[in-house]
$ cat final-v4.cif   # mmCIF, C-alpha atoms (C1' of nucleotides) and all ligand atoms
data_upload
loop_
_atom_site.label_atom_id
_atom_site.label_comp_id
_atom_site.auth_asym_id
_atom_site.auth_seq_id
_atom_site.Cartn_x
_atom_site.Cartn_y
_atom_site.Cartn_z
CA MET A 1 -42.18 -1.84 37.69
CA GLU A 2 -41.61 -3.79 34.51
CA ARG A 3 -41.16 -0.72 32.37
CA PHE A 4 -38.06 0.39 34.24
CA LYS A 5 -36.53 -3.09 34.14
CA ASP A 6 -36.62 -2.83 30.36
CA VAL A 7 -35.24 0.67 30.41
CA LEU A 8 -32.33 -0.45 32.59
CA LYS A 9 -31.66 -3.52 30.51
CA ALA A 10 -31.53 -1.39 27.38
CA SER A 11 -28.57 0.40 28.95
CA ASN A 12 -27.01 -2.82 30.31
CA LEU A 13 -27.71 -1.74 33.86
CA LYS A 14 -28.75 -4.29 36.46
CA SER A 15 -32.25 -4.00 37.85
CA THR A 16 -31.38 -3.62 41.50
CA HIS A 17 -34.06 -2.98 44.10
CA GLN A 18 -32.42 0.32 44.84
CA ARG A 19 -32.53 1.49 41.24
CA LEU A 20 -36.09 0.44 40.75
CA ALA A 21 -37.09 2.17 43.98
CA ILE A 22 -35.37 5.36 42.85
CA LEU A 23 -37.01 5.30 39.44
CA ASP A 24 -40.44 4.45 40.88
CA CYS A 25 -40.14 7.24 43.38
CA ILE A 26 -39.14 9.86 40.83
CA ASP A 27 -41.84 8.64 38.48
CA SER A 28 -44.58 8.85 41.09
CA PHE A 29 -43.59 12.34 42.24
CA GLY A 30 -42.93 13.65 38.75
CA HIS A 31 -40.27 16.11 39.89
CA ILE A 32 -38.40 15.64 43.14
CA ASP A 33 -35.10 16.55 44.80
CA ILE A 34 -32.51 14.16 46.16
CA ASP A 35 -33.39 14.50 49.84
CA ALA A 36 -37.05 13.86 49.21
CA ILE A 37 -36.14 10.75 47.24
CA TYR A 38 -34.06 9.54 50.15
CA GLU A 39 -36.75 10.25 52.74
CA HIS A 40 -39.29 8.44 50.62
CA ILE A 41 -37.20 5.34 50.02
CA VAL A 42 -35.46 4.82 53.36
CA PRO A 43 -38.54 3.57 55.27
CA LYS A 44 -38.90 0.75 52.73
CA TYR A 45 -35.16 0.11 52.32
CA PRO A 46 -33.55 1.16 55.61
CA SER A 47 -30.15 0.05 54.36
CA MET A 48 -30.30 2.37 51.35
CA SER A 49 -27.06 4.30 51.26
CA LYS A 50 -26.88 7.92 50.25
CA ALA A 51 -23.79 7.08 48.24
CA THR A 52 -25.90 4.63 46.25
CA LEU A 53 -28.53 7.27 45.69
CA TYR A 54 -26.09 9.90 44.47
CA ARG A 55 -24.21 7.40 42.33
CA ASN A 56 -27.39 6.14 40.70
CA ILE A 57 -28.80 9.57 40.05
CA ASN A 58 -25.58 10.52 38.28
CA ASP A 59 -25.39 7.24 36.37
CA LEU A 60 -29.01 7.37 35.27
CA ILE A 61 -28.51 10.92 34.05
CA SER A 62 -25.50 9.96 31.99
CA PHE A 63 -27.52 7.15 30.42
CA HIS A 64 -30.27 9.68 29.65
CA ILE A 65 -32.81 7.84 31.78
CA LEU A 66 -33.14 10.75 34.18
CA GLU A 67 -32.91 14.46 33.61
CA GLU A 68 -32.05 17.27 35.99
CA VAL A 69 -34.56 20.07 36.44
CA LYS A 70 -33.06 23.34 37.60
CA LEU A 71 -35.63 25.72 39.02
CA PRO A 72 -35.06 29.24 40.37
CA ASN A 73 -34.55 29.34 44.16
CA GLN A 74 -35.05 25.60 44.51
CA LYS A 75 -32.87 22.60 45.14
CA GLN A 76 -32.10 20.73 41.95
CA GLN A 77 -34.84 18.28 41.06
CA TYR A 78 -34.93 15.19 38.88
CA GLU A 79 -37.47 13.63 36.55
CA ILE A 80 -37.77 10.64 34.27
CA LYS A 81 -36.59 11.77 30.86
CA LYS A 82 -39.49 12.37 28.52
CA VAL A 83 -40.12 14.40 25.38
CA PRO A 84 -38.94 18.01 25.63
CA HIS A 85 -41.25 20.27 27.56
CA ILE A 86 -41.47 23.45 29.56
CA HIS A 87 -41.60 23.69 33.36
CA LEU A 88 -43.91 25.91 35.33
CA LEU A 89 -43.08 26.53 38.97
CA CYS A 90 -45.85 27.97 41.12
CA THR A 91 -44.32 30.40 43.61
CA HIS A 92 -47.31 29.89 45.93
CA CYS A 93 -47.62 26.12 46.24
CA SER A 94 -44.21 25.11 44.77
CA LYS A 95 -45.90 22.70 42.39
CA VAL A 96 -44.01 21.92 39.19
CA GLU A 97 -46.07 21.50 36.04
CA ASP A 98 -45.13 20.21 32.61
CA VAL A 99 -46.38 22.07 29.56
CA PHE A 100 -46.02 20.91 26.02
CA VAL A 101 -46.07 23.87 23.65
CA GLU A 102 -44.37 24.59 20.35
CA THR A 103 -41.00 26.26 20.87
CA LYS A 104 -39.71 26.08 17.32
CA PRO A 105 -40.45 29.72 16.44
CA LEU A 106 -38.49 30.92 19.47
CA LEU A 107 -35.57 28.64 18.71
CA GLU A 108 -35.51 29.87 15.13
CA ALA A 109 -35.55 33.48 16.25
CA VAL A 110 -32.62 32.79 18.57
CA THR A 111 -30.68 30.97 15.87
CA LEU A 112 -31.21 33.83 13.46
CA ASN A 113 -30.25 36.40 16.04
CA SER A 114 -27.12 34.72 17.36
CA GLY A 115 -25.73 32.28 14.80
CA PHE A 116 -25.86 29.67 17.52
CA THR A 117 -26.81 26.07 16.67
CA ILE A 118 -29.21 24.95 19.38
CA SER A 119 -29.23 21.36 20.54
CA ASN A 120 -31.36 21.61 23.69
CA SER A 121 -33.48 24.16 25.45
CA PHE A 122 -34.42 24.47 29.09
CA ILE A 123 -37.38 26.68 29.75
CA VAL A 124 -38.78 27.42 33.18
CA MET A 125 -41.44 29.96 34.05
CA ASN A 126 -42.63 30.89 37.46
CA GLY A 127 -45.79 32.54 38.62
CA THR A 128 -49.16 31.42 39.93
CA CYS A 129 -50.87 28.19 38.99
CA LYS A 130 -54.53 27.84 38.09
CA GLU A 131 -55.43 26.34 41.47
CA CYS A 132 -53.66 29.01 43.52
CA LYS A 133 -55.50 31.74 41.66
CA ALA A 134 -58.88 30.28 42.64
CA MET B 1 -16.98 51.84 40.11
CA GLU B 2 -19.33 54.73 40.73
CA ARG B 3 -22.30 53.00 39.17
CA PHE B 4 -22.32 50.24 41.77
CA LYS B 5 -21.96 52.69 44.65
CA ASP B 6 -25.22 54.23 43.54
CA VAL B 7 -26.86 50.85 43.13
CA LEU B 8 -25.84 49.86 46.65
CA LYS B 9 -26.92 53.15 48.14
CA ALA B 10 -30.33 52.77 46.51
CA SER B 11 -30.75 49.60 48.59
CA ASN B 12 -29.24 51.16 51.73
CA LEU B 13 -26.24 48.87 51.49
CA LYS B 14 -22.79 50.13 52.41
CA SER B 15 -20.24 50.40 49.62
CA THR B 16 -17.59 48.12 51.07
CA HIS B 17 -14.46 47.28 49.13
CA GLN B 18 -15.55 43.65 49.19
CA ARG B 19 -18.95 44.36 47.67
CA LEU B 20 -17.56 46.61 45.00
CA ALA B 21 -14.93 44.01 44.13
CA ILE B 22 -17.60 41.33 43.84
CA LEU B 23 -19.83 43.47 41.65
CA ASP B 24 -16.91 44.60 39.47
CA CYS B 25 -15.76 41.04 39.03
CA ILE B 26 -19.18 39.72 38.07
CA ASP B 27 -19.71 42.67 35.77
CA SER B 28 -16.42 42.19 33.95
CA PHE B 29 -16.91 38.45 33.47
CA GLY B 30 -20.58 38.75 32.58
CA HIS B 31 -21.46 35.33 33.98
CA ILE B 32 -19.29 33.64 36.61
CA ASP B 33 -19.52 31.07 39.39
CA ILE B 34 -18.67 31.62 43.04
CA ASP B 35 -15.27 29.92 43.02
CA ALA B 36 -14.11 31.90 40.02
CA ILE B 37 -15.20 35.10 41.76
CA TYR B 38 -13.19 34.11 44.81
CA GLU B 39 -10.09 33.19 42.81
CA HIS B 40 -10.29 36.49 40.96
CA ILE B 41 -10.69 38.67 44.03
CA VAL B 42 -8.39 37.03 46.57
CA PRO B 43 -5.09 38.18 44.96
CA LYS B 44 -6.26 41.77 45.35
CA TYR B 45 -7.93 41.31 48.75
CA PRO B 46 -6.10 38.42 50.44
CA SER B 47 -8.25 38.83 53.54
CA MET B 48 -11.48 38.33 51.62
CA SER B 49 -13.47 35.71 53.47
CA LYS B 50 -15.55 33.11 51.69
CA ALA B 51 -18.28 33.73 54.23
CA THR B 52 -18.35 37.35 53.09
CA LEU B 53 -18.57 36.25 49.48
CA TYR B 54 -21.45 33.84 50.06
CA ARG B 55 -23.27 36.31 52.30
CA ASN B 56 -22.95 39.12 49.79
CA ILE B 57 -24.01 37.02 46.84
CA ASN B 58 -27.16 36.02 48.73
CA ASP B 59 -27.84 39.55 49.94
CA LEU B 60 -27.32 41.09 46.52
CA ILE B 61 -29.69 38.56 45.02
CA SER B 62 -32.39 39.31 47.55
CA PHE B 63 -32.01 43.01 46.71
CA HIS B 64 -32.33 42.14 43.02
CA ILE B 65 -28.90 43.51 42.22
CA LEU B 66 -27.62 40.11 41.17
CA GLU B 67 -29.36 37.21 39.52
CA GLU B 68 -28.54 33.52 39.55
CA VAL B 69 -28.00 31.79 36.21
CA LYS B 70 -28.65 28.07 36.29
CA LEU B 71 -27.11 26.23 33.35
CA PRO B 72 -27.29 22.52 32.55
CA ASN B 73 -24.29 20.54 33.87
CA GLN B 74 -22.62 23.65 35.23
CA LYS B 75 -22.03 25.17 38.61
CA GLN B 76 -24.48 27.93 39.34
CA GLN B 77 -23.37 31.25 37.92
CA TYR B 78 -24.24 34.85 38.73
CA GLU B 79 -24.70 38.01 36.73
CA ILE B 80 -25.60 41.63 37.27
CA LYS B 81 -29.36 41.87 36.95
CA LYS B 82 -30.37 43.36 33.64
CA VAL B 83 -33.41 43.32 31.38
CA PRO B 84 -34.83 39.83 30.79
CA HIS B 85 -32.92 37.79 28.25
CA ILE B 86 -32.11 34.30 27.10
CA HIS B 87 -28.87 32.43 27.80
CA LEU B 88 -26.93 30.39 25.30
CA LEU B 89 -24.35 27.96 26.60
CA CYS B 90 -21.83 26.64 24.10
CA THR B 91 -21.07 23.02 24.90
CA HIS B 92 -17.70 23.32 23.15
CA CYS B 93 -16.14 26.42 24.68
CA SER B 94 -18.48 26.85 27.69
CA LYS B 95 -19.07 30.46 26.76
CA VAL B 96 -22.34 31.98 27.95
CA GLU B 97 -24.07 34.42 25.62
CA ASP B 98 -26.99 36.77 26.19
CA VAL B 99 -29.66 36.99 23.53
CA PHE B 100 -32.49 39.46 23.50
CA VAL B 101 -35.42 38.11 21.52
CA GLU B 102 -39.16 38.45 21.84
CA THR B 103 -40.62 35.79 24.10
CA LYS B 104 -44.15 37.14 24.41
CA PRO B 105 -45.73 34.73 21.90
CA LEU B 106 -44.32 31.75 23.77
CA LEU B 107 -45.45 33.08 27.14
CA GLU B 108 -48.93 33.66 25.75
CA ALA B 109 -49.09 30.14 24.36
CA VAL B 110 -48.08 28.76 27.75
CA THR B 111 -50.62 30.89 29.57
CA LEU B 112 -53.37 29.77 27.21
CA ASN B 113 -52.35 26.15 27.51
CA SER B 114 -51.98 25.98 31.28
CA GLY B 115 -53.99 28.72 32.95
CA PHE B 116 -50.77 29.72 34.68
CA THR B 117 -50.00 33.40 35.31
CA ILE B 118 -46.35 33.86 34.42
CA SER B 119 -44.20 36.32 36.32
CA ASN B 120 -40.73 35.35 35.16
CA SER B 121 -39.14 33.09 32.62
CA PHE B 122 -35.72 31.47 32.56
CA ILE B 123 -34.64 30.25 29.18
CA VAL B 124 -31.36 28.50 28.48
CA MET B 125 -30.31 26.84 25.26
CA ASN B 126 -27.20 24.88 24.64
CA GLY B 127 -25.42 23.98 21.47
CA THR B 128 -22.57 25.36 19.40
CA CYS B 129 -21.66 29.01 19.18
CA LYS B 130 -20.82 30.85 15.99
CA GLU B 131 -17.08 30.83 16.72
CA CYS B 132 -16.90 27.13 17.53
CA LYS B 133 -18.60 26.28 14.24
CA ALA B 134 -15.91 28.11 12.27
"C1'" DT C 1 -13.44 63.73 64.88
"C1'" DC C 2 -17.13 61.05 66.93
"C1'" DT C 3 -20.63 57.63 66.87
"C1'" DT C 4 -22.89 53.58 65.69
"C1'" DA C 5 -25.12 50.26 63.03
"C1'" DA C 6 -23.56 47.45 59.41
"C1'" DA C 7 -20.19 44.53 57.62
"C1'" DT C 8 -16.04 41.59 57.69
"C1'" DA C 9 -12.55 37.86 59.03
"C1'" DG C 10 -11.72 33.60 59.85
"C1'" DG C 11 -12.43 29.59 62.39
"C1'" DA C 12 -16.20 26.34 63.70
"C1'" DT C 13 -20.08 24.03 62.35
"C1'" DT C 14 -23.25 22.08 59.37
"C1'" DT C 15 -24.69 20.17 55.09
"C1'" DA C 16 -23.80 18.12 50.60
"C1'" DT C 17 -21.35 15.06 47.71
"C1'" DT C 18 -17.95 11.82 46.49
"C1'" DC C 19 -14.61 8.22 47.55
"C1'" DC C 20 -13.13 3.66 49.16
"C1'" DT C 21 -13.45 -1.18 49.60
"C1'" DA C 22 -15.24 -5.43 51.78
"C1'" DT C 23 -19.47 -7.66 50.98
"C1'" DT C 24 -23.52 -8.68 48.40
"C1'" DT C 25 -26.24 -9.57 44.38
"C1'" DA C 26 -28.21 -9.77 39.54
"C1'" DA C 27 -28.24 -12.46 35.96
"C1'" DG C 28 -26.17 -15.36 32.74
"C1'" DT C 29 -24.18 -20.28 32.45
"C1'" DT C 30 -23.75 -24.93 33.42
"C1'" DA D 1 -30.73 -25.49 41.26
"C1'" DA D 2 -26.01 -24.51 42.06
"C1'" DC D 3 -21.99 -21.91 39.99
"C1'" DT D 4 -19.62 -17.86 38.35
"C1'" DT D 5 -18.43 -13.22 37.99
"C1'" DA D 6 -18.73 -8.54 36.94
"C1'" DA D 7 -21.58 -5.01 38.68
"C1'" DA D 8 -23.58 -2.83 42.48
"C1'" DT D 9 -24.29 -1.72 47.39
"C1'" DA D 10 -23.37 -0.37 52.40
"C1'" DG D 11 -21.59 2.47 55.25
"C1'" DG D 12 -17.90 4.91 57.04
"C1'" DA D 13 -14.15 8.18 55.64
"C1'" DA D 14 -12.84 11.96 53.07
"C1'" DT D 15 -13.72 16.06 50.60
"C1'" DA D 16 -16.31 20.00 49.19
"C1'" DA D 17 -19.83 23.54 49.74
"C1'" DA D 18 -22.34 26.63 52.45
"C1'" DT D 19 -23.62 28.77 56.67
"C1'" DC D 20 -22.96 30.24 61.44
"C1'" DC D 21 -20.74 32.77 65.18
"C1'" DT D 22 -18.72 36.70 67.27
"C1'" DA D 23 -14.78 39.81 68.21
"C1'" DT D 24 -13.05 43.37 65.39
"C1'" DT D 25 -13.27 46.69 61.75
"C1'" DT D 26 -15.34 50.12 58.87
"C1'" DA D 27 -18.63 53.13 56.15
"C1'" DA D 28 -20.91 57.02 56.43
"C1'" DG D 29 -23.76 60.37 58.66
"C1'" DA D 30 -23.67 63.90 62.47
MN MN E 201 -40.95 17.80 33.64
MN MN E 202 -27.05 36.98 31.09
ZN ZN E 203 -49.92 26.88 42.98
ZN ZN E 204 -18.22 27.97 21.56
#

$ encode --input "final-v4.cif" --output "structure tokens"
Amino acid sequence: MERFKDVLKASNLKSTHQRLAILDCIDSFGHIDIDAIYEHIVPKYPSMSKATLYRNINDLISFHILEEVKLPNQKQQYEIKKVPHIHLLCTHCSKVEDVFVETKPLLEAVTLNSGFTISNSFIVMNGTCKECKA
Amino acid sequence: MERFKDVLKASNLKSTHQRLAILDCIDSFGHIDIDAIYEHIVPKYPSMSKATLYRNINDLISFHILEEVKLPNQKQQYEIKKVPHIHLLCTHCSKVEDVFVETKPLLEAVTLNSGFTISNSFIVMNGTCKECKA
DNA sequence: TCTTAAATAGGATTTATTCCTATTTAAGTT
DNA sequence: AACTTAAATAGGAATAAATCCTATTTAAGA
């Protein structure tokens, strides 16, 4: 995927097959944990080492290309970094949804209440998705 | 602590020294990870087994006596379950603060936007606390 | 004090993550 | 197209985290 080659180059990271496979995989799943990434990639790259996977996940996070997604009662997942958004976890089908809503009023209320200067927010909600209700 | 004996009894759990020590420790720290709990308890109860600690943490969570607190770039922490609130993590001093602000408008916006029925929300913000700014 | 189901200790096992280093490779240079 | 080299990988070892197993202990009700 050409897009990720550019992303990697912008951070002076080499476009290895392994890295591109990891990024492609995470991109196509949206949100995915490390074992699922491995299971998905290993049939295509049987030599893929878990050490390489872990190392790359950590490196890509520190270059802000990936982001960790911590969900209640779930293994840590990863996603391609995008604009800030909220995560919805359906407790029935385990699907993870992105929602883009305005959080500024909440952040301002928190700032006012606490004197804390907020740099990032991580918002997860769980419940039942539209499809599981039907 | 008498309070926790009652809490345990309400869930038909025996008030063992180990459980009370775990609950006391978590309560006094507010938010704490599993290794810190162990380090804090083992001088008083040298026979305390890590298996007992892990088992109790998991049991107490499933009885809704404890709650996990997942913070960005931090080991998972635990707290005594209380009324819903927001967590602030200071990236300078690593302190974790509770804030109680109204989240209903945000939840309603998310519901409207997604068709998702929300049962719980987990909100974490990081930045700089009042003390670290001074 | 007696009884018993629940809980613990602590070592074994399993799972998760990181470390190490010889070999390979991406990508820039000639 | 071959050359160069720093970066990256493979894969096994080491370390860390979490769970399992079961003989022994204990909380708590009778
Ligand atoms: Mn997302
Ligand atoms: Mn809290
Ligand atoms: Zn669903
Ligand atoms: Zn601070």

$ atom_distance --input "final-v4.cif" --atom1 "atom CA of B:Thr117" --atom2 "atom CA of A:Thr128"
5.1 Å

$ interface_residues --input "final-v4.cif" --of "chain C" --to "chain A" --cutoff "12 Å" --atoms "all atoms listed in the file" --output "MDAnalysis selection string"
chainID C and resid 15:20 24:28

$ closest_residue --input "final-v4.cif" --among "B:His40, B:Ser49, B:Val7, B:Asp35" --to "C:DT8" --atoms "only C-alpha atoms (C1' of nucleotides)"
B:Ser49

$ residues_near_ligand --input "final-v4.cif" --ligand "ligand MN 201 (chain E)" --cutoff "9 Å" --atoms "only C-alpha atoms (C1' of nucleotides) and all ligand atoms" --output "CSV table (one decimal) with C-alpha atoms, in the coordinates of the input"
chain,number,residue,atom,x,y,z
A,30,GLY,CA,-42.9,13.6,38.8
A,31,HIS,CA,-40.3,16.1,39.9
A,67,GLU,CA,-32.9,14.5,33.6
A,69,VAL,CA,-34.6,20.1,36.4
A,78,TYR,CA,-34.9,15.2,38.9
A,79,GLU,CA,-37.5,13.6,36.6
A,80,ILE,CA,-37.8,10.6,34.3
A,81,LYS,CA,-36.6,11.8,30.9
A,82,LYS,CA,-39.5,12.4,28.5
A,83,VAL,CA,-40.1,14.4,25.4
A,84,PRO,CA,-38.9,18.0,25.6
A,85,HIS,CA,-41.2,20.3,27.6
A,86,ILE,CA,-41.5,23.4,29.6
A,87,HIS,CA,-41.6,23.7,33.4
A,88,LEU,CA,-43.9,25.9,35.3
A,96,VAL,CA,-44.0,21.9,39.2
A,97,GLU,CA,-46.1,21.5,36.0
A,98,ASP,CA,-45.1,20.2,32.6
A,99,VAL,CA,-46.4,22.1,29.6

$ atom_distance --input "final-v4.cif" --atom1 "atom CA of B:Lys44" --atom2 "atom CA of B:Asp24"
12.5 Å

$ closest_residue --input "final-v4.cif" --among "A:Gln74, A:Ser62, A:Ser121, A:Ser11" --to "chain B" --atoms "only C-alpha atoms"
A:Ser121

$ closest_atom_pairs --input "final-v4.cif" --of "chain A" --to "ligand ZN 203 (chain E)" --cutoff "7 Å" --atoms "all atoms listed in the file" --output "JSON lines"
{"residue": "A:Cys90", "atom": "CA", "partner": "E:ZN203", "partner_atom": "ZN", "distance": 4.6}
{"residue": "A:Thr91", "atom": "CA", "partner": "E:ZN203", "partner_atom": "ZN", "distance": 6.6}
{"residue": "A:His92", "atom": "CA", "partner": "E:ZN203", "partner_atom": "ZN", "distance": 5.0}
{"residue": "A:Cys93", "atom": "CA", "partner": "E:ZN203", "partner_atom": "ZN", "distance": 4.1}
{"residue": "A:Ser94", "atom": "CA", "partner": "E:ZN203", "partner_atom": "ZN", "distance": 6.2}
{"residue": "A:Lys95", "atom": "CA", "partner": "E:ZN203", "partner_atom": "ZN", "distance": 5.8}
{"residue": "A:Thr128", "atom": "CA", "partner": "E:ZN203", "partner_atom": "ZN", "distance": 5.5}
{"residue": "A:Cys129", "atom": "CA", "partner": "E:ZN203", "partner_atom": "ZN", "distance": 4.3}
{"residue": "A:Lys130", "atom": "CA", "partner": "E:ZN203", "partner_atom": "ZN", "distance": 6.8}
{"residue": "A:Glu131", "atom": "CA", "partner": "E:ZN203", "partner_atom": "ZN", "distance": 5.7}
{"residue": "A:Cys132", "atom": "CA", "partner": "E:ZN203", "partner_atom": "ZN", "distance": 4.3}

$ write_last_selection --input "final-v4.cif" --atoms "C-alpha atoms" --output "PDB file, in the coordinates of the input"
ATOM      1  CA  CYS A  90     -45.850  27.970  41.120  1.00  0.00           C
ATOM      2  CA  THR A  91     -44.320  30.400  43.610  1.00  0.00           C
ATOM      3  CA  HIS A  92     -47.310  29.890  45.930  1.00  0.00           C
ATOM      4  CA  CYS A  93     -47.620  26.120  46.240  1.00  0.00           C
ATOM      5  CA  SER A  94     -44.210  25.110  44.770  1.00  0.00           C
ATOM      6  CA  LYS A  95     -45.900  22.700  42.390  1.00  0.00           C
ATOM      7  CA  THR A 128     -49.160  31.420  39.930  1.00  0.00           C
ATOM      8  CA  CYS A 129     -50.870  28.190  38.990  1.00  0.00           C
ATOM      9  CA  LYS A 130     -54.530  27.840  38.090  1.00  0.00           C
ATOM     10  CA  GLU A 131     -55.430  26.340  41.470  1.00  0.00           C
ATOM     11  CA  CYS A 132     -53.660  29.010  43.520  1.00  0.00           C
TER      12      CYS A 132
END

$ closest_atom_pairs --input "final-v4.cif" --of "chain B" --to "chain A" --cutoff "8 Å" --atoms "all atoms listed in the file" --output "JSON lines"
{"residue": "B:Glu68", "atom": "CA", "partner": "A:Pro72", "partner_atom": "CA", "distance": 7.8}
{"residue": "B:Lys70", "atom": "CA", "partner": "A:Lys70", "partner_atom": "CA", "distance": 6.6}
{"residue": "B:Leu71", "atom": "CA", "partner": "A:Lys70", "partner_atom": "CA", "distance": 7.9}
{"residue": "B:Pro72", "atom": "CA", "partner": "A:Lys70", "partner_atom": "CA", "distance": 7.7}
{"residue": "B:Leu88", "atom": "CA", "partner": "A:Phe116", "partner_atom": "CA", "distance": 7.9}
{"residue": "B:Val99", "atom": "CA", "partner": "A:Ser114", "partner_atom": "CA", "distance": 7.0}
{"residue": "B:Val101", "atom": "CA", "partner": "A:Val110", "partner_atom": "CA", "distance": 6.7}
{"residue": "B:Glu102", "atom": "CA", "partner": "A:Leu106", "partner_atom": "CA", "distance": 7.9}
{"residue": "B:Thr103", "atom": "CA", "partner": "A:Leu106", "partner_atom": "CA", "distance": 7.0}
{"residue": "B:Leu106", "atom": "CA", "partner": "A:Thr103", "partner_atom": "CA", "distance": 7.0}
{"residue": "B:Ala109", "atom": "CA", "partner": "A:Val101", "partner_atom": "CA", "distance": 7.0}
{"residue": "B:Val110", "atom": "CA", "partner": "A:Val101", "partner_atom": "CA", "distance": 6.7}
{"residue": "B:Asn113", "atom": "CA", "partner": "A:Val99", "partner_atom": "CA", "distance": 7.5}
{"residue": "B:Ser114", "atom": "CA", "partner": "A:Val99", "partner_atom": "CA", "distance": 7.0}
{"residue": "B:Gly115", "atom": "CA", "partner": "A:Lys130", "partner_atom": "CA", "distance": 5.2}
{"residue": "B:Phe116", "atom": "CA", "partner": "A:Cys129", "partner_atom": "CA", "distance": 4.6}
{"residue": "B:Thr117", "atom": "CA", "partner": "A:Thr128", "partner_atom": "CA", "distance": 5.1}
{"residue": "B:Ile118", "atom": "CA", "partner": "A:Gly127", "partner_atom": "CA", "distance": 4.4}
{"residue": "B:Ser119", "atom": "CA", "partner": "A:Gly127", "partner_atom": "CA", "distance": 4.7}
{"residue": "B:Asn120", "atom": "CA", "partner": "A:Asn126", "partner_atom": "CA", "distance": 5.4}
{"residue": "B:Ser121", "atom": "CA", "partner": "A:Met125", "partner_atom": "CA", "distance": 4.1}
{"residue": "B:Phe122", "atom": "CA", "partner": "A:Val124", "partner_atom": "CA", "distance": 5.1}
{"residue": "B:Ile123", "atom": "CA", "partner": "A:Ile123", "partner_atom": "CA", "distance": 4.5}
{"residue": "B:Val124", "atom": "CA", "partner": "A:Phe122", "partner_atom": "CA", "distance": 5.1}
{"residue": "B:Met125", "atom": "CA", "partner": "A:Ser121", "partner_atom": "CA", "distance": 4.2}
{"residue": "B:Asn126", "atom": "CA", "partner": "A:Asn120", "partner_atom": "CA", "distance": 5.4}
{"residue": "B:Gly127", "atom": "CA", "partner": "A:Ile118", "partner_atom": "CA", "distance": 4.4}
{"residue": "B:Thr128", "atom": "CA", "partner": "A:Thr117", "partner_atom": "CA", "distance": 5.1}
{"residue": "B:Cys129", "atom": "CA", "partner": "A:Phe116", "partner_atom": "CA", "distance": 4.6}
{"residue": "B:Lys130", "atom": "CA", "partner": "A:Gly115", "partner_atom": "CA", "distance": 5.3}

$ atom_distance --input "final-v4.cif" --atom1 "atom CA of B:Glu2" --atom2 "atom CA of B:Ile57"
19.3 Å

$ closest_residue --input "final-v4.cif" --among "A:Tyr45, A:Cys25, A:Gln18, A:Ile65" --to "chain D" --atoms "all atoms listed in the file"
A:Gln18

$ interface_residues --input "final-v4.cif" --of "chain D" --to "chain A" --cutoff "8 Å" --atoms "all atoms listed in the file" --output "PyMOL selection string"
chain D and resi 7-11

$ closest_residue --input "final-v4.cif" --among "B:Ile26, B:Tyr38, B:Leu112, B:Asn12" --to "ligand MN 202 (chain E)" --atoms "only C-alpha atoms and all ligand atoms"
B:Ile26

$ closest_residue --input "final-v4.cif" --among "B:Leu66, B:Ile41, B:Ala21, B:Ile61" --to "ligand MN 202 (chain E)" --atoms "only C-alpha atoms and all ligand atoms"
B:Leu66

$ axis_aligned_box --input "final-v4.cif" --around "stretch 13-22 of chain D" --padding-each-side "5 Å" --output "AutoDock Vina command-line options"
--center_x -18.2 --center_y 22.4 --center_z 58.2 --size_x 20.8 --size_y 38.5 --size_z 28.1

$ residues_around --input "final-v4.cif" --residues "stretch 2-4 of chain C" --least-positions-apart "4" --cutoff "12 Å" --atoms "all atoms listed in the file" --output "number ranges by chain"
D: 26-30
